[in-house]
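Working notes, structure below.
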Amino acid sequence: MGEQKITIVDATGSFCPGPLMELIAELKDTEIGTIVELLSSDRGSAQDVPVWVRKVGHEMLGSEEKDGVWHIRVRKMK
């Protein structure tokens, strides 16, 4: 198996729906299987992003808060 491609989307300082919109834009432009890590200082992203990810059929890999920034990892599935 090859190296896993990981893309970082830094949406810190952006507020709802900004971080989700930045994630959507990145997922449209990346290959299937890519992991996208969204960085968001908007705590609403921790709830909104997983709901959207499951609704549209991508894979939610994890979410954790570090020093006021949410790190939300998603794998593009389609």
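By order in the structure tokens, chains are A, B, ...; within a chain, residues start at 1; ligands start at 1, following the order shown.
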As a ChimeraX atom specification, please: the residues near stretch 26-31 of chain A (cut-off 8 Å, only C-alpha atoms, same-chain neighbours under 5 positions excluded).
/A:9,36,76
Write out as a list of chain:residue names each polymer residue whose atoms come within 12 Å of A:Arg54, counting only C-alpha atoms; drop sequence neighbours fewer than 5 positions from it.
A:Gln47, A:Asp48, A:Val49, A:Glu59, A:Met60, A:Leu61, A:Val74, A:Arg75, A:Lys76, A:Met77
Grab the residues selected above and save them as a short mmCIF file (atom, residue, chain, number, x, y, z; two decimals), in the first residue's frame with N, CA and C atoms.
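Result written to result-v2.cif:
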```
data_model
loop_
_atom_site.label_atom_id
_atom_site.label_comp_id
_atom_site.auth_asym_id
_atom_site.auth_seq_id
_atom_site.Cartn_x
_atom_site.Cartn_y
_atom_site.Cartn_z
N GLN A 47 -19.62 19.52 15.95
CA GLN A 47 -20.90 18.83 15.81
C GLN A 47 -21.38 18.82 14.36
N ASP A 48 -21.22 19.94 13.66
CA ASP A 48 -21.76 20.08 12.31
C ASP A 48 -21.04 19.22 11.28
N VAL A 49 -19.72 19.20 11.34
CA VAL A 49 -18.94 18.48 10.34
C VAL A 49 -19.22 16.98 10.36
N GLU A 59 -15.98 9.25 5.33
CA GLU A 59 -15.66 8.55 6.57
C GLU A 59 -15.10 9.52 7.60
N MET A 60 -15.75 9.57 8.75
CA MET A 60 -15.29 10.40 9.86
C MET A 60 -14.21 9.61 10.60
N LEU A 61 -12.99 10.16 10.68
CA LEU A 61 -11.87 9.45 11.30
C LEU A 61 -11.62 9.89 12.74
N VAL A 74 -11.24 13.58 8.16
CA VAL A 74 -12.23 12.98 7.27
C VAL A 74 -11.52 12.30 6.11
N ARG A 75 -11.99 11.10 5.73
CA ARG A 75 -11.46 10.43 4.53
C ARG A 75 -12.49 10.57 3.41
N LYS A 76 -12.05 11.05 2.26
CA LYS A 76 -12.93 11.18 1.10
C LYS A 76 -13.23 9.77 0.57
N MET A 77 -14.52 9.44 0.46
CA MET A 77 -14.93 8.09 0.06
C MET A 77 -15.57 8.01 -1.31
#
```
Run DSSP on the backbone and grab whatever in chain A lands in strand (DSSP E or B); send it over as a compact mmCIF listing (two decimals) with N, CA and C atoms, in the first residue's frame.
```txt
# COMPACT_ATOMS: atom_id res chain seq x y z
N ILE A 6 -2.46 13.22 3.05
CA ILE A 6 -3.19 14.00 4.04
C ILE A 6 -3.12 15.47 3.64
N THR A 7 -4.27 16.11 3.64
CA THR A 7 -4.36 17.53 3.31
C THR A 7 -4.87 18.27 4.53
N ILE A 8 -4.30 19.43 4.82
CA ILE A 8 -4.72 20.25 5.95
C ILE A 8 -5.52 21.44 5.41
N VAL A 9 -6.69 21.68 6.01
CA VAL A 9 -7.49 22.87 5.69
C VAL A 9 -7.54 23.70 6.97
N ASP A 10 -6.88 24.85 6.94
CA ASP A 10 -6.84 25.71 8.12
C ASP A 10 -7.95 26.75 8.04
N ILE A 35 -7.12 11.84 3.13
CA ILE A 35 -7.56 12.29 4.45
C ILE A 35 -7.41 13.80 4.49
N VAL A 36 -8.49 14.47 4.88
CA VAL A 36 -8.47 15.92 5.03
C VAL A 36 -8.62 16.22 6.52
N GLU A 37 -7.70 17.01 7.05
CA GLU A 37 -7.79 17.44 8.44
C GLU A 37 -8.19 18.90 8.46
N LEU A 38 -9.38 19.15 8.99
CA LEU A 38 -9.91 20.50 9.11
C LEU A 38 -9.50 21.06 10.47
N LEU A 39 -8.90 22.25 10.47
CA LEU A 39 -8.56 22.96 11.69
C LEU A 39 -9.57 24.08 11.85
N SER A 40 -10.31 24.07 12.96
CA SER A 40 -11.36 25.06 13.16
C SER A 40 -11.38 25.54 14.60
N GLU A 59 -15.98 9.25 5.33
CA GLU A 59 -15.66 8.55 6.57
C GLU A 59 -15.10 9.52 7.60
N MET A 60 -15.75 9.57 8.75
CA MET A 60 -15.29 10.40 9.86
C MET A 60 -14.21 9.61 10.60
N LEU A 61 -12.99 10.16 10.68
CA LEU A 61 -11.87 9.45 11.30
C LEU A 61 -11.62 9.89 12.74
N GLY A 62 -11.99 11.09 13.08
CA GLY A 62 -11.77 11.54 14.44
C GLY A 62 -11.89 13.03 14.58
N SER A 63 -12.04 13.45 15.82
CA SER A 63 -12.18 14.86 16.14
C SER A 63 -11.64 15.08 17.55
N GLU A 64 -10.75 16.05 17.69
CA GLU A 64 -10.25 16.38 19.02
C GLU A 64 -9.90 17.85 19.08
N GLU A 65 -10.01 18.39 20.28
CA GLU A 65 -9.72 19.80 20.50
C GLU A 65 -8.35 19.92 21.16
N LYS A 66 -7.51 20.79 20.60
CA LYS A 66 -6.18 21.06 21.17
C LYS A 66 -5.99 22.57 21.22
N VAL A 69 -8.41 24.74 19.24
CA VAL A 69 -8.58 24.44 17.81
C VAL A 69 -9.05 23.00 17.66
N TRP A 70 -10.12 22.81 16.93
CA TRP A 70 -10.62 21.47 16.63
C TRP A 70 -9.86 20.89 15.44
N HIS A 71 -9.42 19.65 15.58
CA HIS A 71 -8.75 18.91 14.51
C HIS A 71 -9.72 17.80 14.11
N ILE A 72 -10.33 17.95 12.95
CA ILE A 72 -11.38 17.04 12.49
C ILE A 72 -10.87 16.33 11.25
N ARG A 73 -10.75 15.00 11.32
CA ARG A 73 -10.19 14.22 10.22
C ARG A 73 -11.27 13.43 9.48
N VAL A 74 -11.24 13.58 8.16
CA VAL A 74 -12.23 12.98 7.27
C VAL A 74 -11.52 12.30 6.11
N ARG A 75 -11.99 11.10 5.73
CA ARG A 75 -11.46 10.43 4.53
C ARG A 75 -12.49 10.57 3.41
```
